[in-house]
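Data block for target-v1.cif (mmCIF, C-alpha atoms):
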data_model
#
loop_
_atom_site.label_atom_id
_atom_site.label_comp_id
_atom_site.auth_asym_id
_atom_site.auth_seq_id
_atom_site.Cartn_x
_atom_site.Cartn_y
_atom_site.Cartn_z
CA MET P 1 4.36 -1.33 -25.08
CA THR P 2 3.67 2.05 -26.55
CA ASP P 3 6.28 4.80 -26.36
CA SER P 4 4.60 6.00 -23.17
CA PRO P 5 3.10 3.06 -21.27
CA THR P 6 0.07 3.69 -19.07
CA ILE P 7 0.18 2.44 -15.49
CA LEU P 8 -3.03 2.36 -13.46
CA VAL P 9 -2.48 2.47 -9.70
CA PHE P 10 -5.49 1.44 -7.62
CA ASP P 11 -6.16 1.76 -3.89
CA SER P 12 -9.07 2.12 -1.52
CA GLY P 13 -7.94 5.68 -0.81
CA LEU P 14 -4.76 7.75 -0.79
CA GLY P 15 -2.38 5.20 0.72
CA GLY P 16 -1.42 3.92 -2.70
CA LEU P 17 0.26 7.25 -3.31
CA THR P 18 3.21 5.89 -1.31
CA VAL P 19 3.56 3.11 -3.91
CA LEU P 20 2.93 5.48 -6.80
CA ARG P 21 5.78 7.73 -5.64
CA GLU P 22 8.29 4.88 -5.93
CA VAL P 23 6.92 3.63 -9.25
CA VAL P 24 7.07 7.12 -10.79
CA ALA P 25 10.67 7.46 -9.64
CA ALA P 26 11.51 4.17 -11.33
CA ARG P 27 9.52 4.83 -14.52
CA SER P 28 9.36 8.51 -15.40
CA ASP P 29 8.57 7.47 -18.98
CA ALA P 30 5.05 6.27 -18.09
CA HIS P 31 1.67 7.95 -18.01
CA TYR P 32 -0.10 7.47 -14.67
CA VAL P 33 -3.73 7.03 -13.72
CA TYR P 34 -4.43 6.88 -9.99
CA VAL P 35 -7.82 5.62 -8.84
CA ALA P 36 -8.95 5.88 -5.22
CA ASP P 37 -12.03 3.79 -4.44
CA ASP P 38 -13.04 6.20 -1.71
CA ALA P 39 -16.72 5.37 -2.19
CA PHE P 40 -15.91 2.03 -0.51
CA PHE P 41 -13.19 3.23 1.91
CA PRO P 42 -11.99 1.74 4.19
CA TYR P 43 -11.82 -1.77 2.77
CA GLY P 44 -11.03 -3.18 6.19
CA HIS P 45 -14.63 -2.52 7.24
CA HIS P 46 -16.07 -4.78 4.52
CA SER P 47 -16.28 -8.56 4.26
CA GLU P 48 -14.06 -10.57 1.93
CA ASP P 49 -16.97 -11.38 -0.38
CA GLU P 50 -17.99 -7.72 -0.54
CA ILE P 51 -14.49 -6.61 -1.52
CA ILE P 52 -14.18 -9.24 -4.25
CA ALA P 53 -17.64 -8.39 -5.61
CA ARG P 54 -16.70 -4.72 -5.61
CA VAL P 55 -13.19 -4.70 -7.02
CA VAL P 56 -13.34 -7.28 -9.82
CA PRO P 57 -16.08 -5.63 -11.92
CA LEU P 58 -14.84 -2.13 -11.03
CA MET P 59 -11.41 -3.05 -12.39
CA GLY P 60 -13.04 -4.14 -15.63
CA GLU P 61 -14.63 -0.71 -15.98
CA LEU P 62 -11.32 1.03 -15.24
CA ILE P 63 -9.44 -1.10 -17.76
CA GLY P 64 -12.07 -0.33 -20.37
CA THR P 65 -11.85 3.40 -19.70
CA HIS P 66 -8.09 3.89 -19.33
CA ASP P 67 -6.59 1.00 -21.34
CA PRO P 68 -3.55 0.53 -19.05
CA ASP P 69 -0.54 -1.57 -19.96
CA LEU P 70 -0.18 -2.65 -16.33
CA VAL P 71 -2.17 -2.33 -13.09
CA VAL P 72 -0.74 -1.92 -9.60
CA ILE P 73 -3.07 -2.93 -6.77
CA ALA P 74 -1.53 -0.62 -4.17
CA CYS P 75 -3.59 -1.99 -1.30
CA ASN P 76 -2.73 -4.94 0.94
CA THR P 77 -6.34 -5.69 1.83
CA ALA P 78 -7.40 -5.87 -1.82
CA SER P 79 -4.26 -7.67 -2.98
CA THR P 80 -4.56 -10.50 -0.46
CA LEU P 81 -8.12 -11.12 -1.69
CA VAL P 82 -8.59 -10.22 -5.33
CA LEU P 83 -5.30 -10.64 -7.18
CA SER P 84 -6.06 -14.20 -8.27
CA HIS P 85 -9.56 -13.17 -9.38
CA LEU P 86 -8.21 -10.21 -11.38
CA ARG P 87 -5.55 -12.29 -13.09
CA ALA P 88 -8.19 -14.86 -14.03
CA ALA P 89 -10.56 -12.23 -15.40
CA TYR P 90 -8.21 -9.89 -17.26
CA SER P 91 -5.20 -10.58 -19.45
CA LEU P 92 -2.93 -7.63 -18.59
CA PRO P 93 -0.26 -7.83 -15.86
CA PHE P 94 -1.17 -7.04 -12.25
CA VAL P 95 1.33 -6.21 -9.51
CA GLY P 96 0.02 -6.59 -5.99
CA THR P 97 1.00 -5.33 -2.56
CA VAL P 98 1.33 -8.01 0.09
CA PRO P 99 2.90 -7.96 3.57
CA ALA P 100 6.70 -8.03 3.25
CA ILE P 101 7.09 -10.81 5.79
CA LYS P 102 9.85 -12.70 3.98
CA PRO P 103 12.40 -9.84 3.83
CA ALA P 104 11.49 -8.67 7.33
CA CYS P 105 12.14 -12.06 8.88
CA ALA P 106 15.29 -12.52 6.82
CA GLN P 107 16.84 -9.38 8.26
CA SER P 108 15.58 -9.46 11.85
CA LYS P 109 18.39 -9.93 14.34
CA THR P 110 16.25 -10.47 17.44
CA ARG P 111 13.94 -12.86 15.54
CA ARG P 112 10.91 -10.85 16.62
CA VAL P 113 8.89 -9.12 13.89
CA SER P 114 5.56 -7.30 13.96
CA VAL P 115 3.16 -6.92 11.04
CA LEU P 116 1.10 -3.74 11.25
CA GLY P 117 -1.91 -3.84 8.95
CA THR P 118 -5.64 -3.39 8.78
CA LYS P 119 -7.76 -5.83 10.73
CA GLY P 120 -8.72 -7.47 7.45
CA THR P 121 -5.14 -7.95 6.26
CA VAL P 122 -3.78 -9.46 9.46
CA LYS P 123 -6.62 -11.98 9.80
CA ARG P 124 -6.37 -13.07 6.16
CA GLU P 125 -5.31 -16.65 5.44
CA TYR P 126 -2.94 -15.23 2.80
CA THR P 127 -1.02 -13.39 5.51
CA LYS P 128 -0.90 -16.42 7.78
CA ALA P 129 0.43 -18.52 4.90
CA LEU P 130 3.24 -16.00 4.35
CA ILE P 131 4.21 -16.42 8.01
CA ARG P 132 4.15 -20.22 7.77
CA ASP P 133 6.29 -20.15 4.64
CA TYR P 134 8.75 -17.36 5.42
CA ALA P 135 8.97 -16.68 9.18
CA GLN P 136 12.29 -18.56 9.27
CA GLY P 137 11.99 -19.15 12.99
CA CYS P 138 10.93 -15.60 13.84
CA GLU P 139 8.13 -14.84 16.27
CA VAL P 140 5.67 -12.75 14.27
CA THR P 141 3.14 -10.52 16.02
CA LEU P 142 0.09 -9.56 13.95
CA VAL P 143 -1.30 -6.13 14.82
CA GLY P 144 -4.65 -5.19 13.31
CA SER P 145 -5.04 -1.43 13.38
CA PRO P 146 -8.64 -0.19 13.23
CA ASP P 147 -7.98 3.48 12.50
CA LEU P 148 -4.42 4.18 11.32
CA ALA P 149 -5.34 4.29 7.61
CA SER P 150 -8.08 6.81 8.31
CA LEU P 151 -5.70 8.88 10.44
CA ALA P 152 -3.20 8.94 7.55
CA GLU P 153 -5.90 10.13 5.15
CA ARG P 154 -6.93 12.85 7.56
CA GLU P 155 -3.38 14.12 8.04
CA LEU P 156 -2.77 14.19 4.29
CA GLY P 157 -5.95 16.23 4.02
CA GLY P 158 -4.53 18.84 6.39
CA HIS P 159 -6.29 17.80 9.58
CA GLU P 160 -4.56 17.73 12.95
CA ILE P 161 -3.83 14.20 14.18
CA SER P 162 -2.66 13.73 17.76
CA ASP P 163 0.43 11.78 18.77
CA GLY P 164 -1.74 9.85 21.20
CA ASP P 165 -4.03 8.58 18.45
CA ILE P 166 -1.08 7.35 16.38
CA LEU P 167 0.71 5.78 19.34
CA ALA P 168 -2.42 3.88 20.39
CA GLU P 169 -2.41 2.14 16.99
CA LEU P 170 1.34 1.58 17.03
CA ALA P 171 2.04 0.42 20.60
CA PRO P 172 1.04 -3.27 20.19
CA CYS P 173 3.85 -3.70 17.63
CA PHE P 174 6.50 -3.27 20.29
CA VAL P 175 6.90 -6.53 22.19
CA GLY P 176 9.51 -7.32 24.84
CA GLU P 177 11.94 -5.20 26.82
CA ASP P 178 15.36 -6.84 26.51
CA PRO P 179 17.12 -5.29 23.48
CA THR P 180 18.36 -8.73 22.42
CA SER P 181 14.87 -10.22 22.14
CA ARG P 182 12.40 -7.40 21.59
CA THR P 183 10.78 -6.38 18.32
CA ASP P 184 13.37 -4.99 15.92
CA THR P 185 11.41 -4.97 12.62
CA VAL P 186 7.92 -3.71 11.76
CA VAL P 187 6.25 -4.57 8.44
CA LEU P 188 4.02 -1.78 7.15
CA ALA P 189 1.24 -3.94 5.74
CA CYS P 190 -0.95 -1.06 4.59
CA THR P 191 0.15 1.46 1.99
CA HIS P 192 -1.38 4.28 4.02
CA TYR P 193 1.06 3.84 6.88
CA PRO P 194 4.20 5.27 5.23
CA LEU P 195 2.30 8.56 5.04
CA LEU P 196 2.78 8.70 8.82
CA LEU P 197 6.21 7.07 8.97
CA ASP P 198 8.15 10.13 10.16
CA ARG P 199 5.79 10.54 13.07
CA MET P 200 5.78 6.83 13.87
CA LYS P 201 9.57 6.81 14.02
CA LYS P 202 9.48 9.62 16.58
CA LEU P 203 6.77 7.96 18.67
CA ALA P 204 8.26 4.46 18.69
CA PRO P 205 9.44 3.38 22.16
CA TRP P 206 12.71 2.14 20.60
CA PRO P 207 14.28 2.18 17.12
CA VAL P 208 13.18 -0.53 14.68
CA GLU P 209 13.52 -1.23 10.99
CA TRP P 210 10.35 -0.28 9.12
CA ILE P 211 9.66 -2.39 6.01
CA ASP P 212 7.84 -0.55 3.23
CA PRO P 213 7.16 -2.76 0.17
CA ALA P 214 6.90 0.16 -2.27
CA PRO P 215 10.51 0.05 -3.60
CA ALA P 216 10.20 -3.68 -4.37
CA ILE P 217 6.87 -3.06 -6.12
CA ALA P 218 8.48 -0.35 -8.27
CA ARG P 219 11.25 -2.75 -9.29
CA ARG P 220 8.70 -5.38 -10.26
CA VAL P 221 6.71 -2.89 -12.33
CA SER P 222 9.82 -1.75 -14.15
CA ASP P 223 10.84 -5.35 -14.89
CA LEU P 224 7.42 -6.13 -16.36
CA LEU P 225 7.37 -2.99 -18.50
CA GLY P 226 10.77 -3.75 -19.97
CA ALA P 227 13.27 -1.21 -21.28
CA ARG P 228 12.60 2.45 -20.58
CA THR P 229 11.48 4.59 -23.49
CA GLY P 230 13.67 7.55 -22.62
CA GLY P 231 12.69 10.77 -20.89
CA ILE P 232 9.69 11.88 -18.87
CA ALA P 233 6.25 11.20 -20.33
CA GLN P 234 4.62 14.37 -21.54
CA SER P 235 1.07 13.15 -20.97
CA GLY P 236 0.92 14.18 -17.31
CA ALA P 237 -1.05 12.23 -14.75
CA GLU P 238 -4.67 11.70 -13.85
CA MET P 239 -6.43 11.08 -10.57
CA PHE P 240 -9.94 9.80 -10.00
CA PHE P 241 -12.15 9.14 -6.98
CA THR P 242 -14.96 6.62 -7.29
CA SER P 243 -17.11 8.96 -5.20
CA ASN P 244 -16.70 11.44 -8.09
CA ARG P 245 -15.36 14.09 -5.74
CA VAL P 246 -12.80 16.48 -7.16
CA HIS P 247 -9.32 16.19 -5.67
CA GLY P 248 -8.52 19.36 -3.76
CA LEU P 249 -4.98 18.58 -2.59
CA GLY P 250 -3.08 19.66 -5.69
CA ALA P 251 0.07 21.03 -4.07
CA THR P 252 0.13 18.18 -1.56
CA LEU P 253 -0.36 15.45 -4.15
CA THR P 254 1.95 16.70 -6.90
CA PRO P 255 5.15 15.27 -5.35
CA PHE P 256 3.65 11.77 -5.43
CA PHE P 257 3.26 12.11 -9.20
CA GLY P 258 6.86 13.14 -9.77
CA GLY P 259 5.96 16.81 -9.74
CA ARG P 260 3.60 16.51 -12.70
CA ALA P 261 0.46 18.59 -12.87
CA LEU P 262 -2.67 16.54 -12.27
CA ALA P 263 -5.40 16.48 -14.86
#
Can you turn what I pasted into structure tokens?
Amino acid sequence: MTDSPTILVFDSGLGGLTVLREVVAARSDAHYVYVADDAFFPYGHHSEDEIIARVVPLMGELIGTHDPDLVVIACNTASTLVLSHLRAAYSLPFVGTVPAIKPACAQSKTRRVSVLGTKGTVKREYTKALIRDYAQGCEVTLVGSPDLASLAERELGGHEISDGDILAELAPCFVGEDPTSRTDTVVLACTHYPLLLDRMKKLAPWPVEWIDPAPAIARRVSDLLGARTGGIAQSGAEMFFTSNRVHGLGATLTPFFGGRALA
């Protein structure tokens, strides 16, 4: 690694900022490049073959341009499909984002867990395999949300999002009525969803544990990078949209980059 390693964080949109925030906190010594593939957003509306055909060559272009030491795929939909293809095509380390079913089921007391993700993520064989391997006797409810990622993007952009719209996406996660057997843990299987977490907590019909994989991803990134180089990287941070639009959320986005000014 160089004195200031470069980490490329990739997502279909702005949801990966929730992962970036944790990674920056863990590795202030790195230079960050955030890429939002908004020209293809939302990934959940595309077929598996289309996503693979899109992301694999695009990642090659990004690696050639930015020369990262490590890439974080901060998107569940992409990770469950393309991680194996990316690792086969490119030699640098990739860290993916997959539904945190194993830790959720391990900690559930009522043995009832819900996985809230995009329609693509919850129907994926990868997700079903995680349940088969790690449910540990829990009843797992898969909830495919059609619009929650888009709602999160809109709110981050300063648009008004109604409680009713959020609750409509959230309600199917809450199964049962008896406190001893109802849902007590919800896996956030889309990196956009933590953007709305404060509101979801208020709208939930009863308290649950919300599982965000971002802290675990940050720990994995730090382990792969090895020893820290010291202080905060002086090279700032960069943000790119594949649509070539200019980011206009400077004050809103800066906290996700550890307070650094965006180039």
Inset, instruction - Can you turn the PyMOL selection byres ((chain P and resi 118-122) around 9) into a concrete residue list for this file, as a PyMOL selection string? - result: chain P and resi 43-48+76-78+80+98-99+115-117+123-128+142-149+189-190
Inset, instruction - Could you list the residues chosen by the PyMOL selection byres ((chain P and resi 32) around 12) in this structure as an MDAnalysis selection string? - result: chainID P and resid 4:10 17 20:21 23:25 27:31 33:35 66:72 232:240 256:258 260:263
Legend entry - Given the PyMOL selection byres ((chain P and resi 137) around 10), the residues it picks as a PyMOL selection string: chain P and resi 105-106+111-112+131-132+134-136+138-140
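When CA of Ala104 in chain P is paired with CA of Val187 in chain P, their separation reads 6.7 Å.
Using all atoms listed in the file, the shortest contact distance between Arg219 in chain P and any of P:Val95, P:Val82, P:Asp49, P:Ala74 is found at P:Val95.
Between CA of Ala152 in chain P and CA of Asp38 in chain P there is a distance of 13.8 Å.
Counting only C-alpha atoms and comparing P:Asp178, P:Asp133, P:Pro194, P:Ser79, the residue that lies closest to Ala214 in chain P is P:Pro194.
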Could you put an axis-aligned box around every listed atom of range 68-84 of chain P, padded by 5 Å on each side, and send me its centre and edge lengths in Å to one decimal, as lines of an AutoDock Vina configuration file?
center_x = -4.4
center_y = -6.8
center_z = -9.1
size_x = 18.4
size_y = 24.7
size_z = 31.8
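Of the residues listed (P:Gly248, P:Pro42, P:Gly60, P:Pro205), P:Gly248 shows the shortest atom-to-atom separation from Leu156 in chain P; distances use all atoms listed in the file.
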Inset, instruction - Measuring atom to atom with all atoms listed in the file, identify which of P:Glu61, P:Asp37, P:Ala204, P:Ser12 is nearest to Asn244 in chain P. - result: P:Asp37
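If you look at CA of Asp163 in chain P and CA of Leu196 in chain P, they are 10.7 Å away from each other.
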Legend entry - Contact residues around Val186 in chain P with all atoms listed in the file at 6 Å, ignoring same-chain residues under 3 positions, as a count of residues only: 4
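With all atoms listed in the file as the atoms that count, the minimum distance from Gly15 in chain P to the choices P:Ala36, P:Ala168, P:Leu197, P:Ile161 is reached by P:Ala36.
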